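Written out below as structure tokens is the structure these notes cover.
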Amino acid sequence: MSMKKTGIVLSALLTFAFAGSAKAEVGMMDPNISHHDRDSIRKGAELFAEYCVGCHSVEFLRYERLMDDVGEDEAWIEDRIMHGDHDLHGHIISPMDPEDGENWFGLAPPDLSLTARVEGEDWIYTYLNTFYVDDEAEVGYNNWVQEGTSMPHILQALQGDQKAVKDDDGNIVDFEMVEGAEGRLSQEEYREVTAQLTAFLSYAAEPIRADRERMGIWVVLFMIVFTGVFYLLYKEYWRDVKK
């Protein structure tokens with residue numbers, strides 16, 4: 001290949017590389033959460049009770065199970081989570097009538113019990129962080145993860161308003177805060193809050209996961225130890241046979 005053709009090929013590859021990197025500026029975000037961080041799950045549960053349960057349920061999770069798993073007592077669950085006359089042994093159900101939700105938002109707000117298993121933790125975390133002002137949207141906001149979302153930006157007071165930065169092709173490549181419309185939290189604080197919410201929803205999708213993982217370590221250690229014991233028995237039983 002001539003030097004001229006080689007230069008053309010390299011130029012084309014560099015062009016595609018830079019174009020690809022520009023579109024990749026906005027992507028799924030890693031919440032960096034742990035299923036063993038009970039404090040983060042507890043704070044996420046409190047945030048869910050304050051901002052989300054008015055519309056969304058986590059019907060596969062009981063109040064008592066949550067209380068026990070985060071190491072709290074009945075006073076905490078009644079004061080910070082229940083917000084009303086609920087049964088301690090009952091499921092976490094939104095007080096909203098599904099028909100009202102459908103009339104107000106166009107569809108009934110979904111139950112979020114299995115969202116983390118269906119969509120993934122990064123999907124939830126990114127969704128909570130990529131609301132942006134959209135004058136054409138019915139609720140005044142759109143979302144990078146779920147275009148055309150009918151969900152209002154319920155955490156707007158915390159995050160503030162951000163606008164989408166688009167490239168020449170109309171692709172969203174970044175977000176920036178609207179001047180004068182900042183929220184109560186800094187960007188770092190807001191991301192910590194959304195990570196806690198994500199931790200709670202991930203826990204709600206599989207409350208036994210942390211116990212299962214802890215038990216799995218002991219099971220693996222048990223298998224390693226007894227594999228050694230069985231090997232020694234094998235050597236002992238076959239010692240005379242092989243002579």
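We name chains A, B, ... following the order of the structure tokens; residues begin at 1 in each chain, and ligands are numbered from 1 as shown.
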Counting only C-alpha atoms, what is within 10 Å of region 68-74 of chain A, bar same-chain residues fewer than 4 positions away, as a list of chain:residue names? A:His36, A:Asp37, A:Arg38, A:Asp39, A:Ser40, A:Ile41, A:Arg42, A:Lys43, A:Ala45, A:Tyr63, A:Glu64, A:Glu78, A:Asp79, A:Arg80, A:Leu88, A:Tyr203, A:Pro207, A:Ile208, A:Ala210, A:Asp211
Take the residues just selected and output them with C-alpha atoms as a compact mmCIF listing (two decimals), in the first residue's frame.
```txt
# COMPACT_ATOMS: atom_id res chain seq x y z
CA HIS A 36 -23.37 -5.47 52.22
CA ASP A 37 -23.51 -1.72 52.96
CA ARG A 38 -26.48 -1.63 55.32
CA ASP A 39 -26.06 2.07 56.04
CA SER A 40 -26.39 2.98 52.37
CA ILE A 41 -29.44 0.72 51.97
CA ARG A 42 -31.02 2.28 55.07
CA LYS A 43 -30.50 5.82 53.75
CA ALA A 45 -34.96 3.33 52.02
CA TYR A 63 -41.50 -3.49 56.33
CA GLU A 64 -40.33 -5.96 58.95
CA GLU A 78 -42.65 3.68 61.88
CA ASP A 79 -41.10 7.15 61.91
CA ARG A 80 -38.94 7.11 58.78
CA LEU A 88 -45.35 -3.98 60.24
CA TYR A 203 -31.56 -4.73 47.80
CA PRO A 207 -33.12 -9.03 49.90
CA ILE A 208 -31.37 -12.35 50.54
CA ALA A 210 -26.03 -10.38 50.90
CA ASP A 211 -26.74 -13.45 53.08
```
Residue neighbourhood region 100-115 of chain A, 7 Å, only C-alpha atoms, exclusion window fewer than 3 positions, as a PyMOL selection string: chain A and resi 55-60+96-97+118-119+150+204-205
May I have all residues of region 41-232 of chain A that DSSP, computed from the backbone, assigns to helix (DSSP H, G or I), given as a ChimeraX atom specification? /A:41-51,63-69,74-82,98-105,115-118,121-129,156-159,187-205,209-232
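Using only C-alpha atoms, the nearest neighbour of Leu201 (chain A) within the list A:Glu99, A:Asp169, A:Asp30, A:Asp122 is A:Asp122.
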Enter the distance from CA of Gly183 (chain A) to CA of Ile81 (chain A), in Å, rounded to one decimal. 24.2 Å
Select from region 78-215 of chain A everything DSSP, run on the backbone, classes as strand (DSSP E), then give the selection as an MDAnalysis selection string. chainID A and resid 91:92 131:133 141:143 160:166 172:182
Any chance you could export the current selection's C-alpha atoms as a compact mmCIF listing (two decimals), in the first residue's frame?
```txt
# COMPACT_ATOMS: atom_id res chain seq x y z
CA HIS A 91 -45.69 -5.14 52.02
CA ILE A 92 -44.45 -1.68 50.99
CA PHE A 131 -33.18 14.14 33.74
CA TYR A 132 -32.95 17.31 31.68
CA VAL A 133 -35.18 20.27 30.94
CA TYR A 141 -38.40 17.12 31.70
CA ASN A 142 -37.03 14.33 29.59
CA ASN A 143 -34.55 11.59 30.38
CA GLY A 160 -31.64 21.41 40.18
CA ASP A 161 -32.25 21.81 36.45
CA GLN A 162 -29.77 20.61 33.87
CA LYS A 163 -29.90 20.93 30.11
CA ALA A 164 -28.70 18.53 27.46
CA VAL A 165 -25.68 19.41 25.35
CA LYS A 166 -26.04 17.96 21.86
CA ILE A 172 -26.74 14.13 23.69
CA VAL A 173 -23.06 14.25 24.61
CA ASP A 174 -23.15 15.98 27.99
CA PHE A 175 -25.28 17.79 30.56
CA GLU A 176 -24.74 21.14 32.21
CA MET A 177 -26.58 22.93 34.99
CA VAL A 178 -28.96 25.74 34.10
CA GLU A 179 -27.56 28.94 35.57
CA GLY A 180 -29.64 30.10 38.52
CA ALA A 181 -31.51 26.79 38.77
CA GLU A 182 -29.08 24.82 40.94
```
Calculated over only C-alpha atoms, which of the candidates A:Lys235, A:His83, A:Arg209, A:His89 has the smallest distance to Met67 (chain A)? A:His89
Using only C-alpha atoms, which residues of region 157-213 of chain A come within 10 Å of region 124-129 of chain A, and what is the closest atom pair for each, with the distance in Å to one decimal? Give it as JSON lines, sorted by chain and residue number.
```
{"residue": "A:Gln159", "atom": "CA", "partner": "A:Asn129", "partner_atom": "CA", "distance": 8.4}
{"residue": "A:Gln162", "atom": "CA", "partner": "A:Asn129", "partner_atom": "CA", "distance": 9.8}
{"residue": "A:Phe175", "atom": "CA", "partner": "A:Asn129", "partner_atom": "CA", "distance": 9.8}
{"residue": "A:Gln187", "atom": "CA", "partner": "A:Asn129", "partner_atom": "CA", "distance": 9.5}
{"residue": "A:Tyr190", "atom": "CA", "partner": "A:Asn129", "partner_atom": "CA", "distance": 8.3}
{"residue": "A:Arg191", "atom": "CA", "partner": "A:Asn129", "partner_atom": "CA", "distance": 7.2}
{"residue": "A:Val193", "atom": "CA", "partner": "A:Leu128", "partner_atom": "CA", "distance": 9.8}
{"residue": "A:Thr194", "atom": "CA", "partner": "A:Tyr125", "partner_atom": "CA", "distance": 6.2}
{"residue": "A:Ala195", "atom": "CA", "partner": "A:Tyr125", "partner_atom": "CA", "distance": 6.3}
{"residue": "A:Gln196", "atom": "CA", "partner": "A:Tyr125", "partner_atom": "CA", "distance": 9.3}
{"residue": "A:Leu197", "atom": "CA", "partner": "A:Tyr125", "partner_atom": "CA", "distance": 8.1}
{"residue": "A:Thr198", "atom": "CA", "partner": "A:Tyr125", "partner_atom": "CA", "distance": 5.9}
{"residue": "A:Ala199", "atom": "CA", "partner": "A:Tyr125", "partner_atom": "CA", "distance": 9.2}
{"residue": "A:Leu201", "atom": "CA", "partner": "A:Ile124", "partner_atom": "CA", "distance": 8.5}
{"residue": "A:Ser202", "atom": "CA", "partner": "A:Ile124", "partner_atom": "CA", "distance": 9.2}
```
Suppose we keep C-alpha atoms; can you now write the selection as a PDB file, in the first residue's frame?
```
ATOM      1  CA  GLN A 159     -30.324  18.246  41.764  1.00  0.00           C
ATOM      2  CA  GLN A 162     -29.769  20.607  33.865  1.00  0.00           C
ATOM      3  CA  PHE A 175     -25.283  17.791  30.558  1.00  0.00           C
ATOM      4  CA  GLN A 187     -23.234  17.242  42.002  1.00  0.00           C
ATOM      5  CA  TYR A 190     -26.625  14.355  44.530  1.00  0.00           C
ATOM      6  CA  ARG A 191     -24.826  11.378  43.043  1.00  0.00           C
ATOM      7  CA  VAL A 193     -28.050  10.311  47.177  1.00  0.00           C
ATOM      8  CA  THR A 194     -28.965   8.573  43.912  1.00  0.00           C
ATOM      9  CA  ALA A 195     -26.432   5.830  44.656  1.00  0.00           C
ATOM     10  CA  GLN A 196     -28.182   5.231  47.983  1.00  0.00           C
ATOM     11  CA  LEU A 197     -31.552   5.031  46.244  1.00  0.00           C
ATOM     12  CA  THR A 198     -30.041   2.589  43.759  1.00  0.00           C
ATOM     13  CA  ALA A 199     -28.620   0.517  46.631  1.00  0.00           C
ATOM     14  CA  LEU A 201     -33.767  -0.766  44.949  1.00  0.00           C
ATOM     15  CA  SER A 202     -31.025  -3.313  44.295  1.00  0.00           C
TER      16      SER A 202
END
```
